[in-house]
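Listing of query-v3.csv; format and content: CSV, C-alpha atoms and all ligand atoms.
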chain,number,residue,atom,x,y,z
A,21,MET,CA,-28.8,82.6,29.2
A,22,SER,CA,-29.8,85.7,31.2
A,23,ALA,CA,-32.4,88.1,30.1
A,24,ILE,CA,-29.7,90.8,29.9
A,25,SER,CA,-27.7,88.9,27.3
A,26,THR,CA,-30.5,87.5,25.3
A,27,ILE,CA,-32.0,91.0,24.9
A,28,ASP,CA,-28.9,91.7,22.7
A,29,GLU,CA,-29.5,88.8,20.4
A,30,LYS,CA,-29.4,89.9,16.8
A,31,VAL,CA,-32.5,90.2,14.8
A,32,LEU,CA,-32.6,90.8,11.0
A,33,VAL,CA,-34.9,93.7,10.0
A,34,LEU,CA,-36.6,93.6,6.6
A,35,ASN,CA,-38.4,96.5,5.0
A,36,ARG,CA,-41.9,96.2,3.7
A,37,GLY,CA,-40.5,94.9,0.5
A,38,TYR,CA,-38.7,92.0,2.2
A,39,SER,CA,-35.3,93.5,1.7
A,40,ALA,CA,-32.8,93.3,4.5
A,41,VAL,CA,-32.1,96.8,5.9
A,42,ARG,CA,-30.4,96.3,9.2
A,43,ILE,CA,-29.6,94.0,12.1
A,44,VAL,CA,-30.7,95.2,15.5
A,45,PRO,CA,-30.5,93.9,19.0
A,46,ALA,CA,-33.6,92.1,20.2
A,47,ARG,CA,-34.6,94.8,22.6
A,48,HIS,CA,-34.9,97.2,19.6
A,49,ALA,CA,-36.9,94.6,17.7
A,50,PHE,CA,-39.3,94.2,20.6
A,51,THR,CA,-39.7,98.0,20.8
A,52,LEU,CA,-40.8,98.0,17.1
A,53,LEU,CA,-43.1,95.0,17.7
A,54,CYS,CA,-44.7,96.6,20.8
A,55,ARG,CA,-45.4,99.7,18.7
A,56,GLU,CA,-46.9,97.5,16.0
A,57,ALA,CA,-44.4,99.0,13.6
A,58,ALA,CA,-43.2,95.5,12.7
A,59,GLU,CA,-44.3,91.9,12.5
A,60,ILE,CA,-42.4,88.7,13.1
A,61,LEU,CA,-41.4,86.6,10.1
A,62,SER,CA,-40.9,83.0,10.9
A,63,ILE,CA,-39.7,80.4,8.4
A,64,GLU,CA,-41.4,77.1,9.3
A,65,ASN,CA,-40.9,74.1,7.0
A,66,GLY,CA,-40.1,76.4,4.2
A,67,ASN,CA,-43.1,78.6,4.6
A,68,TYR,CA,-43.1,82.2,5.7
A,69,LEU,CA,-45.4,82.8,8.6
A,70,THR,CA,-46.0,86.2,10.1
A,71,TYR,CA,-47.0,87.0,13.7
A,72,GLY,CA,-47.8,90.1,15.6
A,73,LEU,CA,-46.3,90.3,19.1
A,74,HIS,CA,-49.5,88.9,20.8
A,75,ASP,CA,-49.7,85.9,18.4
A,76,TRP,CA,-46.1,85.3,19.0
A,77,MET,CA,-46.6,85.3,22.8
A,78,ASP,CA,-49.5,82.8,22.2
A,79,VAL,CA,-47.3,80.4,20.3
A,80,ALA,CA,-44.5,80.6,22.9
A,81,LYS,CA,-46.0,77.7,24.9
A,82,LEU,CA,-46.1,75.4,21.8
A,83,GLN,CA,-42.6,76.4,20.8
A,84,LYS,CA,-41.4,75.8,24.3
A,85,GLU,CA,-42.9,72.3,24.3
A,86,PHE,CA,-42.1,71.1,20.8
A,87,GLU,CA,-39.0,73.0,19.6
A,88,PRO,CA,-37.3,74.6,22.6
A,89,GLU,CA,-33.8,74.2,21.1
A,90,LYS,CA,-34.8,76.1,18.0
A,91,HIS,CA,-35.2,79.4,19.8
A,92,THR,CA,-33.3,81.7,22.1
A,93,TRP,CA,-35.5,82.5,25.0
A,94,LEU,CA,-36.1,85.8,26.7
A,95,ARG,CA,-37.0,85.0,30.2
A,96,LEU,CA,-38.8,87.6,32.2
A,97,PRO,CA,-40.4,87.1,35.6
A,98,SER,CA,-43.9,87.2,34.1
A,99,LEU,CA,-43.3,85.7,30.7
A,100,GLU,CA,-41.1,83.6,28.5
A,101,ILE,CA,-40.9,84.5,24.8
A,102,ALA,CA,-38.8,83.3,21.9
A,103,ILE,CA,-36.6,86.0,20.4
A,104,PRO,CA,-37.6,86.4,16.7
A,105,LYS,CA,-34.9,85.9,14.2
A,106,ILE,CA,-36.4,88.1,11.5
A,107,ILE,CA,-38.9,91.0,11.7
A,108,ARG,CA,-40.4,92.9,8.9
A,109,LEU,CA,-41.3,96.6,9.1
A,110,LEU,CA,-44.9,97.5,8.5
A,111,THR,CA,-44.5,101.2,8.3
A,112,TYR,CA,-42.3,103.1,5.9
A,113,ASP,CA,-38.7,102.4,6.5
A,114,LYS,CA,-37.3,104.6,9.3
A,115,PHE,CA,-33.8,103.4,8.7
A,116,VAL,CA,-33.4,104.4,5.2
A,117,LYS,CA,-33.0,108.0,4.4
A,118,PRO,CA,-35.1,109.0,1.3
A,119,GLU,CA,-32.2,110.9,-0.3
A,120,VAL,CA,-29.3,108.9,-1.7
A,121,ARG,CA,-26.1,111.0,-1.8
A,122,LEU,CA,-24.5,111.4,-5.1
A,123,THR,CA,-21.2,109.7,-4.5
A,124,ARG,CA,-18.8,107.6,-6.5
A,125,ARG,CA,-19.7,104.6,-4.3
A,126,ASN,CA,-23.4,105.1,-4.8
A,127,LEU,CA,-23.0,105.5,-8.6
A,128,PHE,CA,-21.0,102.3,-8.8
A,129,SER,CA,-23.6,100.6,-6.8
A,130,ARG,CA,-26.4,101.9,-9.1
A,131,ASP,CA,-24.6,100.8,-12.2
A,132,LYS,CA,-23.6,97.5,-10.6
A,133,ASN,CA,-20.0,98.1,-11.6
A,134,LYS,CA,-20.9,97.8,-15.3
A,135,CYS,CA,-19.6,100.1,-17.9
A,136,GLN,CA,-22.7,101.8,-19.2
A,137,TYR,CA,-21.4,101.7,-22.7
A,138,CYS,CA,-20.0,98.3,-23.4
A,139,GLY,CA,-22.1,96.6,-20.6
A,140,LYS,CA,-19.1,94.7,-19.2
A,141,ARG,CA,-18.6,94.4,-15.4
A,142,PHE,CA,-15.3,95.7,-14.0
A,143,SER,CA,-13.7,95.9,-10.6
A,144,ALA,CA,-14.1,99.4,-9.0
A,145,THR,CA,-10.5,100.2,-9.6
A,146,ASP,CA,-10.9,99.6,-13.4
A,147,LEU,CA,-14.0,101.9,-13.7
A,148,THR,CA,-14.2,105.6,-14.2
A,149,LEU,CA,-17.1,108.0,-14.0
A,150,ASP,CA,-18.2,109.6,-17.2
A,151,HIS,CA,-20.1,112.8,-17.7
A,152,VAL,CA,-22.7,111.8,-20.3
A,153,VAL,CA,-22.8,115.4,-21.5
A,154,PRO,CA,-19.2,116.4,-21.0
A,155,ARG,CA,-18.3,119.2,-18.7
A,156,VAL,CA,-16.9,121.2,-21.6
A,157,GLN,CA,-20.4,121.1,-23.1
A,158,GLY,CA,-22.1,122.2,-20.0
A,159,GLY,CA,-22.9,118.8,-18.4
A,160,GLY,CA,-22.8,118.7,-14.6
A,161,ASN,CA,-22.6,116.3,-11.7
A,162,SER,CA,-26.0,114.7,-11.4
A,163,TRP,CA,-27.6,111.3,-11.2
A,164,SER,CA,-28.8,111.7,-14.8
A,165,ASN,CA,-25.4,112.8,-16.2
A,166,LEU,CA,-22.9,110.6,-14.4
A,167,VAL,CA,-22.4,106.9,-15.4
A,168,CYS,CA,-19.8,104.3,-14.9
A,169,ALA,CA,-17.5,103.7,-17.8
A,170,CYS,CA,-14.5,101.5,-18.4
A,171,MET,CA,-11.2,103.2,-19.3
A,172,LYS,CA,-11.5,102.0,-22.9
A,173,CYS,CA,-15.0,103.4,-23.5
A,174,ASN,CA,-14.3,106.6,-21.6
A,175,THR,CA,-11.2,107.3,-23.7
A,176,LYS,CA,-13.0,106.4,-26.9
A,177,LYS,CA,-15.9,108.8,-26.0
A,178,GLY,CA,-13.5,111.6,-25.1
A,179,GLY,CA,-15.1,115.0,-24.7
A,180,ARG,CA,-18.2,114.1,-26.8
A,181,THR,CA,-21.8,113.2,-26.1
A,182,PRO,CA,-22.8,109.6,-26.7
A,183,ARG,CA,-24.5,110.8,-29.9
A,184,GLN,CA,-21.4,112.6,-31.1
A,185,ALA,CA,-19.3,109.6,-30.4
A,186,SER,CA,-21.9,107.1,-31.8
A,187,MET,CA,-22.0,105.3,-28.5
A,188,GLN,CA,-25.1,104.1,-26.7
A,189,LEU,CA,-25.9,103.9,-23.0
A,190,ILE,CA,-27.1,100.5,-22.0
A,191,GLN,CA,-29.7,102.1,-19.7
A,192,LYS,CA,-30.9,105.6,-18.9
A,193,PRO,CA,-29.1,106.9,-15.8
A,194,PHE,CA,-31.5,107.3,-12.9
A,195,LYS,CA,-31.6,108.5,-9.3
A,196,PRO,CA,-32.0,105.5,-7.0
A,197,LEU,CA,-34.8,105.8,-4.5
A,198,HIS,CA,-32.7,104.5,-1.6
A,199,CYS,CA,-29.6,102.7,-1.0
A,200,GLU,CA,-30.0,99.8,1.3
A,201,ALA,CA,-26.6,98.3,0.9
A,202,ARG,CA,-24.9,101.3,2.5
A,203,LYS,CA,-27.1,101.1,5.5
A,204,LEU,CA,-26.5,97.5,6.1
A,205,ARG,CA,-23.9,96.6,8.7
A,206,ILE,CA,-23.7,92.8,8.7
A,207,GLY,CA,-21.3,90.6,10.4
A,208,PRO,CA,-21.4,86.8,9.8
A,209,ILE,CA,-24.7,85.3,9.0
A,210,GLN,CA,-26.2,84.3,12.3
A,211,TYR,CA,-29.1,82.2,11.2
A,212,LYS,CA,-29.7,80.1,8.2
A,213,SER,CA,-33.1,81.8,7.8
A,214,TRP,CA,-31.3,85.1,7.1
A,215,LYS,CA,-29.5,83.8,4.1
A,216,SER,CA,-32.1,84.4,1.4
A,217,PHE,CA,-32.6,87.9,2.4
A,218,LEU,CA,-28.9,88.8,2.6
A,219,GLN,CA,-27.6,87.4,-0.6
A,220,ASN,CA,-28.6,90.5,-2.5
A,221,ALA,CA,-27.2,92.7,0.1
A,222,TYR,CA,-23.9,91.0,0.2
A,223,TRP,CA,-23.5,91.4,-3.5
A,224,SER,CA,-24.1,95.1,-3.2
A,225,ILE,CA,-21.8,95.5,-0.3
A,226,GLU,CA,-18.9,94.1,-2.3
A,227,LEU,CA,-19.5,96.8,-4.8
A,228,VAL,CA,-19.2,99.7,-2.4
A,229,GLU,CA,-15.6,98.9,-1.4
A,230,ASP,CA,-13.9,101.3,-3.7
B,1,ZN,ZN,-16.8,99.9,-21.6
Using structure tokens, write down the structure that the file contains.
Ligand SMILES: [Zn+2]
Amino acid sequence: MSAISTIDEKVLVLNRGYSAVRIVPARHAFTLLCREAAEILSIENGNYLTYGLHDWMDVAKLQKEFEPEKHTWLRLPSLEIAIPKIIRLLTYDKFVKPEVRLTRRNLFSRDKNKCQYCGKRFSATDLTLDHVVPRVQGGGNSWSNLVCACMKCNTKKGGRTPRQASMQLIQKPFKPLHCEARKLRIGPIQYKSWKSFLQNAYWSIELVED
């Protein structure tokens, strides 16, 4: 493989908390590694090992000798280096905007498609949004006043507050800190080692298709 094609190999980026946030081409991953904004995460015999770029260059010789087929190699005139499969950001996440927009999709995602009154999970098409304090009583659109509700619960509650309707929220509605699922653009899983980091994300992605 030429250096030009391998530089576009896909690398999974995790945030500091080991959640998948994005897949980037290798050249982007190397830029982050050069800036020491990320470290390489390598899963070896079930253990997570981390490397800075220089350590990774040091182990290249061993990898080349003992497991050349395990890696995709970036071959430059002066050096040969394995393309990491996973990197982890060391700085605060540049990919994730701090503000999550108040949208139907993000609300469904926060509530995990569960009716916040009966606690049952529904498909997006069978869920509605409920104003906890109804609009007629001055309740507005906000993270703390909008929740997912199934048709049945929403109808039962009508234009009343939960207290007036003698209904209870299963959790206090909150504003999510960030929304990784929306940022993630994933094709097929490229490497087995990505799997454990992506299962969560896949689950969330399913929810946002409304
Ligand atoms: Zn319900």
Could you pull the residues within 7 Å of Leu147 in chain A, counting only C-alpha atoms, minus those fewer than 5 positions along the same chain, as a PDB file with C-alpha atoms, keeping the file's coordinate frame?
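Output file result_18.pdb is given in full below:
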ATOM      1  CA  PHE A 142     -15.300  95.700 -14.000  1.00  0.00           C
ATOM      2  CA  CYS A 168     -19.800 104.300 -14.900  1.00  0.00           C
ATOM      3  CA  ALA A 169     -17.500 103.700 -17.800  1.00  0.00           C
ATOM      4  CA  CYS A 170     -14.500 101.500 -18.400  1.00  0.00           C
ATOM      5  CA  MET A 171     -11.200 103.200 -19.300  1.00  0.00           C
TER       6      MET A 171
END
Within-6 Å residues of ligand ZN 1 (chain B), basis all atoms listed in the file, as a PyMOL selection string: chain A and resi 135+137-138+169-170+172-173
Generate a file of the selected residues that holds C-alpha atoms, formatted as a compact mmCIF listing (two decimals), in the frame of the given file.
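Below you can see result.txt, which holds the result:
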# COMPACT_ATOMS: atom_id res chain seq x y z
CA CYS A 135 -19.60 100.10 -17.90
CA TYR A 137 -21.40 101.70 -22.70
CA CYS A 138 -20.00 98.30 -23.40
CA ALA A 169 -17.50 103.70 -17.80
CA CYS A 170 -14.50 101.50 -18.40
CA LYS A 172 -11.50 102.00 -22.90
CA CYS A 173 -15.00 103.40 -23.50
Quick one: 3 Å padding each side, axis-aligned, all listed atoms of range 27-41 of chain A - centre and edge lengths in Å to one decimal, as AutoDock Vina command-line options?
--center_x -35.4 --center_y 92.8 --center_z 12.7 --size_x 19.0 --size_y 14.0 --size_z 30.4
Contact check, range 72-124 of chain A to range 36-40 of chain A, at most 7 Å, counting all atoms listed in the file, closest pairs as a Markdown table:
| residue | atom | partner | partner_atom | distance |
| --- | --- | --- | --- | --- |
| A:Arg108 | CA | A:Arg36 | CA | 6.3 |
| A:Leu109 | CA | A:Arg36 | CA | 5.4 |
| A:Leu110 | CA | A:Arg36 | CA | 5.8 |
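A straight line drawn from CA of Glu29 in chain A to CA of Pro45 in chain A is 5.4 Å long.
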From A:Pro97, A:Thr123, A:Thr70, A:Leu189, residue lying nearest Ser162 in chain A [only C-alpha atoms]: A:Thr123
Interatomic distance (Å, one decimal) between CA of Val120 in chain A and CA of Trp163 in chain A: 9.9 Å
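Take CA of Gly72 in chain A and CA of Cys54 in chain A: the distance between them is 8.9 Å.
Of the listed residues (A:Ala144, A:Thr181, A:Pro196, A:His91), A:Thr181 comes nearest to Gln157 in chain A; the distances count all atoms listed in the file.
Candidate residues A:Ile107, A:Met77, A:Ala102, A:Leu82 were compared for distance to Ile60 in chain A, and the nearest is A:Ile107, using only C-alpha atoms.
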Nearby residues (all atoms listed in the file) at most 9 Å from Phe50 in chain A, same-chain spacing under 5 positions excluded, as a ChimeraX atom specification: /A:45,55,58,73,103-104
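Nearest-residue note for Lys90 in chain A: choosing from A:His74, A:Ile63, A:Ala57, A:Ala46, the minimum distance belongs to A:Ile63, counting all atoms listed in the file.
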Neighbour list for Gly178 in chain A as JSON, numbers by chain, cut-off 12 Å, all atoms listed in the file, skip fewer than 3 positions in-chain: {"A": [150, 151, 152, 153, 154, 155, 156, 157, 169, 171, 172, 173, 174, 175, 181, 182, 184, 185, 186, 187]}
Residues within 7 Å of Ser164 in chain A, all atoms listed in the file, excluding chain neighbours under 3 positions, as a PyMOL selection string: chain A and resi 193-195
Dump as an mmCIF file, in the coordinates of the input, selection limited to C-alpha atoms:
data_model
loop_
_atom_site.group_PDB
_atom_site.id
_atom_site.type_symbol
_atom_site.label_atom_id
_atom_site.label_comp_id
_atom_site.auth_asym_id
_atom_site.auth_seq_id
_atom_site.Cartn_x
_atom_site.Cartn_y
_atom_site.Cartn_z
ATOM 1 C CA PRO A 193 -29.100 106.900 -15.800
ATOM 2 C CA PHE A 194 -31.500 107.300 -12.900
ATOM 3 C CA LYS A 195 -31.600 108.500 -9.300
#
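The shell of residues at most 12 Å from Glu100 in chain A, with only C-alpha atoms counted and near chain neighbours (fewer than 5 positions) removed, consists of Ser22, Ala23, Thr26, Trp76, Met77, Asp78, Val79, Ala80, Lys81, Leu82, Gln83, Lys84, Pro88, His91, Thr92, Trp93, Leu94 and Arg95 of chain A.
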